[in-house]
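> coords27.pdb is reproduced in full below (PDB, C-alpha atoms).
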ATOM      1  CA  MET A 542     208.897 133.880 155.269  1.00  0.00           C
ATOM      2  CA  PRO A 543     208.943 135.277 158.832  1.00  0.00           C
ATOM      3  CA  ASP A 544     209.319 132.877 161.739  1.00  0.00           C
ATOM      4  CA  ASP A 545     206.100 132.746 163.788  1.00  0.00           C
ATOM      5  CA  ARG A 546     208.136 132.129 166.933  1.00  0.00           C
ATOM      6  CA  GLY A 547     209.477 135.681 166.900  1.00  0.00           C
ATOM      7  CA  THR A 548     212.421 135.927 169.253  1.00  0.00           C
ATOM      8  CA  TRP A 549     211.799 132.498 170.800  1.00  0.00           C
ATOM      9  CA  GLY A 550     213.811 130.845 168.040  1.00  0.00           C
ATOM     10  CA  LEU A 551     216.788 133.182 168.426  1.00  0.00           C
ATOM     11  CA  THR A 552     219.915 133.023 170.521  1.00  0.00           C
ATOM     12  CA  ARG A 553     220.457 135.472 173.362  1.00  0.00           C
ATOM     13  CA  ASP A 554     223.084 137.249 171.242  1.00  0.00           C
ATOM     14  CA  GLU A 555     220.640 137.622 168.339  1.00  0.00           C
ATOM     15  CA  ILE A 556     217.985 138.987 170.696  1.00  0.00           C
ATOM     16  CA  GLN A 557     220.433 141.530 172.132  1.00  0.00           C
ATOM     17  CA  GLN A 558     221.458 142.594 168.611  1.00  0.00           C
ATOM     18  CA  LEU A 559     217.816 143.230 167.706  1.00  0.00           C
ATOM     19  CA  ALA A 560     217.230 145.191 170.919  1.00  0.00           C
ATOM     20  CA  PHE A 561     220.307 147.336 170.327  1.00  0.00           C
ATOM     21  CA  ALA A 562     219.261 147.902 166.702  1.00  0.00           C
ATOM     22  CA  LEU A 563     215.895 149.199 167.907  1.00  0.00           C
ATOM     23  CA  LEU A 564     217.538 151.526 170.417  1.00  0.00           C
ATOM     24  CA  GLN A 565     219.867 152.904 167.724  1.00  0.00           C
ATOM     25  CA  ARG A 566     217.171 153.708 165.139  1.00  0.00           C
ATOM     26  CA  ALA A 567     217.273 157.383 164.244  1.00  0.00           C
ATOM     27  CA  ASP A 568     213.600 157.690 163.283  1.00  0.00           C
ATOM     28  CA  VAL A 569     211.993 154.954 165.342  1.00  0.00           C
ATOM     29  CA  ARG A 570     208.715 156.872 165.718  1.00  0.00           C
ATOM     30  CA  VAL A 571     208.407 157.431 161.974  1.00  0.00           C
ATOM     31  CA  ASP A 572     209.309 153.798 161.267  1.00  0.00           C
ATOM     32  CA  ALA A 573     206.825 152.615 163.905  1.00  0.00           C
ATOM     33  CA  GLU A 574     203.991 154.749 162.534  1.00  0.00           C
ATOM     34  CA  LYS A 575     204.597 153.360 159.034  1.00  0.00           C
ATOM     35  CA  ALA A 576     204.661 149.774 160.332  1.00  0.00           C
ATOM     36  CA  PHE A 577     201.511 150.197 162.426  1.00  0.00           C
ATOM     37  CA  ARG A 578     199.694 151.929 159.563  1.00  0.00           C
ATOM     38  CA  ALA A 579     200.661 149.099 157.185  1.00  0.00           C
ATOM     39  CA  ASN A 580     199.488 146.436 159.629  1.00  0.00           C
ATOM     40  CA  TYR A 581     196.384 148.244 160.938  1.00  0.00           C
ATOM     41  CA  PRO A 582     195.012 150.289 158.005  1.00  0.00           C
ATOM     42  CA  ASN A 583     191.597 150.800 159.656  1.00  0.00           C
ATOM     43  CA  ALA A 584     192.948 152.198 162.918  1.00  0.00           C
ATOM     44  CA  PRO A 585     192.425 155.902 163.576  1.00  0.00           C
ATOM     45  CA  ASP A 586     195.527 158.105 163.749  1.00  0.00           C
ATOM     46  CA  SER A 587     195.030 158.634 167.489  1.00  0.00           C
ATOM     47  CA  MET A 588     195.248 154.886 168.107  1.00  0.00           C
ATOM     48  CA  ILE A 589     198.388 154.570 165.972  1.00  0.00           C
ATOM     49  CA  HIS A 590     199.951 157.478 167.865  1.00  0.00           C
ATOM     50  CA  THR A 591     199.190 155.885 171.243  1.00  0.00           C
ATOM     51  CA  ALA A 592     200.521 152.478 170.165  1.00  0.00           C
ATOM     52  CA  VAL A 593     203.744 154.107 168.954  1.00  0.00           C
ATOM     53  CA  HIS A 594     204.022 155.922 172.278  1.00  0.00           C
ATOM     54  CA  HIS A 595     203.749 152.777 174.408  1.00  0.00           C
ATOM     55  CA  VAL A 596     205.818 150.439 172.239  1.00  0.00           C
ATOM     56  CA  TYR A 597     208.474 152.679 170.689  1.00  0.00           C
ATOM     57  CA  ASN A 598     208.642 155.983 172.540  1.00  0.00           C
ATOM     58  CA  ASP A 599     208.381 155.341 176.288  1.00  0.00           C
ATOM     59  CA  GLY A 600     208.312 151.522 176.264  1.00  0.00           C
ATOM     60  CA  PRO A 601     211.985 150.908 175.436  1.00  0.00           C
ATOM     61  CA  ASP A 602     213.125 153.376 178.110  1.00  0.00           C
ATOM     62  CA  ALA A 603     210.911 151.602 180.645  1.00  0.00           C
ATOM     63  CA  VAL A 604     212.487 148.243 179.704  1.00  0.00           C
ATOM     64  CA  ILE A 605     216.010 149.641 180.003  1.00  0.00           C
ATOM     65  CA  ARG A 606     215.255 151.312 183.327  1.00  0.00           C
ATOM     66  CA  TRP A 607     213.843 148.027 184.677  1.00  0.00           C
ATOM     67  CA  LEU A 608     216.922 146.093 183.526  1.00  0.00           C
ATOM     68  CA  ALA A 609     219.198 148.735 185.059  1.00  0.00           C
ATOM     69  CA  ASP A 610     217.327 148.476 188.359  1.00  0.00           C
ATOM     70  CA  ALA A 611     217.773 144.686 188.285  1.00  0.00           C
ATOM     71  CA  GLU A 612     221.508 145.162 187.705  1.00  0.00           C
ATOM     72  CA  LEU A 613     221.706 147.581 190.655  1.00  0.00           C
ATOM     73  CA  PHE A 614     220.340 144.805 192.863  1.00  0.00           C
ATOM     74  CA  LEU A 615     223.035 142.396 191.680  1.00  0.00           C
ATOM     75  CA  ARG A 616     225.700 144.989 192.418  1.00  0.00           C
ATOM     76  CA  ASP A 617     224.242 145.783 195.820  1.00  0.00           C
ATOM     77  CA  PRO A 618     221.751 143.236 197.251  1.00  0.00           C
ATOM     78  CA  SER A 619     220.573 145.850 199.747  1.00  0.00           C
ATOM     79  CA  HIS A 620     219.141 147.804 196.790  1.00  0.00           C
ATOM     80  CA  ARG A 621     215.409 147.303 196.726  1.00  0.00           C
ATOM     81  CA  LEU A 622     213.977 146.798 193.251  1.00  0.00           C
ATOM     82  CA  CYS A 623     211.874 149.892 192.630  1.00  0.00           C
ATOM     83  CA  SER A 624     208.147 149.260 192.328  1.00  0.00           C
ATOM     84  CA  GLY A 625     207.796 152.547 190.420  1.00  0.00           C
ATOM     85  CA  VAL A 626     210.205 151.320 187.747  1.00  0.00           C
ATOM     86  CA  THR A 627     208.304 148.038 187.528  1.00  0.00           C
ATOM     87  CA  SER A 628     204.979 149.884 187.415  1.00  0.00           C
ATOM     88  CA  ASP A 629     206.174 152.071 184.538  1.00  0.00           C
ATOM     89  CA  LEU A 630     207.202 149.004 182.529  1.00  0.00           C
ATOM     90  CA  LEU A 631     203.923 147.219 183.243  1.00  0.00           C
ATOM     91  CA  TYR A 632     201.936 150.352 182.346  1.00  0.00           C
ATOM     92  CA  HIS A 633     203.376 150.455 178.832  1.00  0.00           C
ATOM     93  CA  VAL A 634     203.204 146.686 178.290  1.00  0.00           C
ATOM     94  CA  TYR A 635     199.622 146.494 179.573  1.00  0.00           C
ATOM     95  CA  ASN A 636     198.443 149.377 177.400  1.00  0.00           C
ATOM     96  CA  TRP A 637     200.130 147.840 174.369  1.00  0.00           C
ATOM     97  CA  HIS A 638     198.250 144.592 174.969  1.00  0.00           C
ATOM     98  CA  GLN A 639     194.973 146.487 175.240  1.00  0.00           C
ATOM     99  CA  PHE A 640     195.701 148.319 172.009  1.00  0.00           C
ATOM    100  CA  GLN A 641     196.766 145.137 170.295  1.00  0.00           C
ATOM    101  CA  GLU A 642     193.217 143.882 170.837  1.00  0.00           C
ATOM    102  CA  MET A 643     191.620 147.077 169.534  1.00  0.00           C
ATOM    103  CA  LEU A 644     193.869 148.026 166.611  1.00  0.00           C
ATOM    104  CA  PRO A 645     192.720 145.268 164.244  1.00  0.00           C
ATOM    105  CA  VAL A 646     189.080 146.269 164.570  1.00  0.00           C
ATOM    106  CA  GLY A 647     189.872 149.912 163.890  1.00  0.00           C
ATOM    107  CA  LYS A 648     187.036 152.177 162.900  1.00  0.00           C
ATOM    108  CA  PRO A 649     184.479 149.418 162.145  1.00  0.00           C
ATOM    109  CA  GLY A 650     185.033 147.899 165.578  1.00  0.00           C
ATOM    110  CA  LEU A 651     184.701 151.249 167.270  1.00  0.00           C
ATOM    111  CA  ILE A 652     181.426 151.838 165.445  1.00  0.00           C
ATOM    112  CA  GLU A 653     180.217 148.473 166.731  1.00  0.00           C
ATOM    113  CA  LEU A 654     181.088 149.525 170.290  1.00  0.00           C
ATOM    114  CA  LEU A 655     179.213 152.775 169.788  1.00  0.00           C
ATOM    115  CA  ASP A 656     176.208 150.810 168.554  1.00  0.00           C
ATOM    116  CA  GLU A 657     176.361 148.817 171.798  1.00  0.00           C
ATOM    117  CA  ILE A 658     176.311 152.064 173.762  1.00  0.00           C
ATOM    118  CA  LYS A 659     173.356 153.270 171.706  1.00  0.00           C
ATOM    119  CA  LEU A 660     171.504 150.048 172.586  1.00  0.00           C
ATOM    120  CA  PHE A 661     172.118 150.755 176.285  1.00  0.00           C
ATOM    121  CA  VAL A 662     170.638 154.231 175.744  1.00  0.00           C
ATOM    122  CA  ASP A 663     167.576 152.757 174.037  1.00  0.00           C
ATOM    123  CA  GLU A 664     167.175 150.347 176.963  1.00  0.00           C
ATOM    124  CA  GLY A 665     167.493 153.188 179.449  1.00  0.00           C
ATOM    125  CA  SER A 666     170.563 151.627 181.075  1.00  0.00           C
ATOM    126  CA  LEU A 667     172.312 154.916 181.812  1.00  0.00           C
ATOM    127  CA  ASP A 668     174.752 153.397 184.293  1.00  0.00           C
ATOM    128  CA  ALA A 669     175.815 150.863 181.655  1.00  0.00           C
ATOM    129  CA  VAL A 670     176.199 153.683 179.110  1.00  0.00           C
ATOM    130  CA  LYS A 671     178.371 155.750 181.433  1.00  0.00           C
ATOM    131  CA  LYS A 672     180.524 152.772 182.366  1.00  0.00           C
ATOM    132  CA  ARG A 673     180.998 151.653 178.750  1.00  0.00           C
ATOM    133  CA  VAL A 674     181.806 155.208 177.583  1.00  0.00           C
ATOM    134  CA  ASP A 675     184.366 155.608 180.373  1.00  0.00           C
ATOM    135  CA  ASP A 676     185.918 152.221 179.555  1.00  0.00           C
ATOM    136  CA  LEU A 677     186.070 153.031 175.863  1.00  0.00           C
ATOM    137  CA  LYS A 678     187.587 156.442 176.490  1.00  0.00           C
ATOM    138  CA  GLU A 679     190.277 154.957 178.738  1.00  0.00           C
ATOM    139  CA  MET A 680     191.123 152.307 176.142  1.00  0.00           C
ATOM    140  CA  LEU A 681     191.309 154.825 173.299  1.00  0.00           C
ATOM    141  CA  GLU A 682     193.562 157.103 175.304  1.00  0.00           C
ATOM    142  CA  GLY A 683     195.812 154.196 176.266  1.00  0.00           C
ATOM    143  CA  ASN A 684     195.827 155.269 179.892  1.00  0.00           C
ATOM    144  CA  VAL A 685     194.521 152.134 181.533  1.00  0.00           C
ATOM    145  CA  ASN A 686     196.484 150.955 184.536  1.00  0.00           C
ATOM    146  CA  TYR A 687     197.390 147.305 184.648  1.00  0.00           C
ATOM    147  CA  PRO A 688     195.649 145.127 187.249  1.00  0.00           C
ATOM    148  CA  ASP A 689     196.851 145.775 190.785  1.00  0.00           C
ATOM    149  CA  PHE A 690     199.551 143.232 191.594  1.00  0.00           C
ATOM    150  CA  ASP A 691     200.933 142.830 195.093  1.00  0.00           C
ATOM    151  CA  PHE A 692     204.643 143.644 194.781  1.00  0.00           C
ATOM    152  CA  ARG A 693     205.505 142.269 198.210  1.00  0.00           C
TER     153      ARG A 693
END
So that I can check it, write out the structure of this file as structure tokens.

Amino acid sequence: MPDDRGTWGLTRDEIQQLAFALLQRADVRVDAEKAFRANYPNAPDSMIHTAVHHVYNDGPDAVIRWLADAELFLRDPSHRLCSGVTSDLLYHVYNWHQFQEMLPVGKPGLIELLDEIKLFVDEGSLDAVKKRVDDLKEMLEGNVNYPDFDFR
């Protein structure tokens, strides 16, 4: 039975071994698509593809780049940690968290959201319709920027 604590119950060495195993997978995208499809059978292919992109395609590189930038600072304290590197990492993590909320609902949940938009149309709330459609489109495309944090 899997441990609900995930990596929290592991040693640092065990965590590093898992991370390295992920980075060494030959077909990580194929494996990720299979895993997402098994766990989220109602999710449309486009949502699975976007989740794979953020978590297994660009996400690991963003994590590694962020760790490398942190190491550069330790080697040379005059090195300023790059906000672009941090932003890239946060972008992928944030979009994964958004998708994590939407993937379980899949197609039925999307239909429910569309029904909500239809209700706004019936009520004549065109601004609400436009806003909700834009929000939904951004979420489905997985291109939502994380909240603006002050990096100073």
> To test the calculation: enclose all listed atoms of region 621-628 of chain A in a box whose edges run along x, y and z, add 5 Å on each side, then state centre and edge lengths in Å to one decimal, as JSON.

{"center_x": 210.2, "center_y": 149.7, "center_z": 192.1, "size_x": 20.4, "size_y": 15.7, "size_z": 19.3}
> For the structure provided, state which residues fall under the PyMOL selection byres ((chain A and resi 570) around 7), and present them as number ranges by chain.
A: 568-569, 571-574, 593, 597-598
> Just want the 8 Å neighbourhood of Leu644 (chain A), counted on only C-alpha atoms, with same-chain residues fewer than 2 positions away dropped. Output as a PDB file with C-alpha atoms, in the frame of the given file.

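Dumped to around-v6.pdb:
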ATOM      1  CA  TYR A 581     196.384 148.244 160.938  1.00  0.00           C
ATOM      2  CA  ASN A 583     191.597 150.800 159.656  1.00  0.00           C
ATOM      3  CA  ALA A 584     192.948 152.198 162.918  1.00  0.00           C
ATOM      4  CA  MET A 588     195.248 154.886 168.107  1.00  0.00           C
ATOM      5  CA  ILE A 589     198.388 154.570 165.972  1.00  0.00           C
ATOM      6  CA  PHE A 640     195.701 148.319 172.009  1.00  0.00           C
ATOM      7  CA  GLN A 641     196.766 145.137 170.295  1.00  0.00           C
ATOM      8  CA  GLU A 642     193.217 143.882 170.837  1.00  0.00           C
ATOM      9  CA  VAL A 646     189.080 146.269 164.570  1.00  0.00           C
ATOM     10  CA  GLY A 647     189.872 149.912 163.890  1.00  0.00           C
TER      11      GLY A 647
END
> Select, from A:Val674, A:Leu631, A:Leu551, A:Val662, the residue with the minimum atom-to-atom distance to Val596 (chain A), counting all atoms listed in the file.
A:Leu631
> Measuring between all atoms listed in the file, which one of A:Leu613, A:Pro601, A:Asp629, A:Arg673 shows the shortest distance to Lys659 (chain A)?
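Closest candidate: A:Arg673.
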> Mind pulling up the distance from CA of Leu651 (chain A) to CA of Pro582 (chain A)?
13.9 Å
> What is the CA of Trp607 (chain A) to CA of Met643 (chain A) distance in Å?
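One can read the CA of Trp607 (chain A) to CA of Met643 (chain A) distance as 26.9 Å.
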> Considering all atoms listed in the file, state which residue in the set A:Arg621, A:Ala576, A:His590, A:Leu630 is at the smallest distance from Leu608 (chain A).
A:Leu630
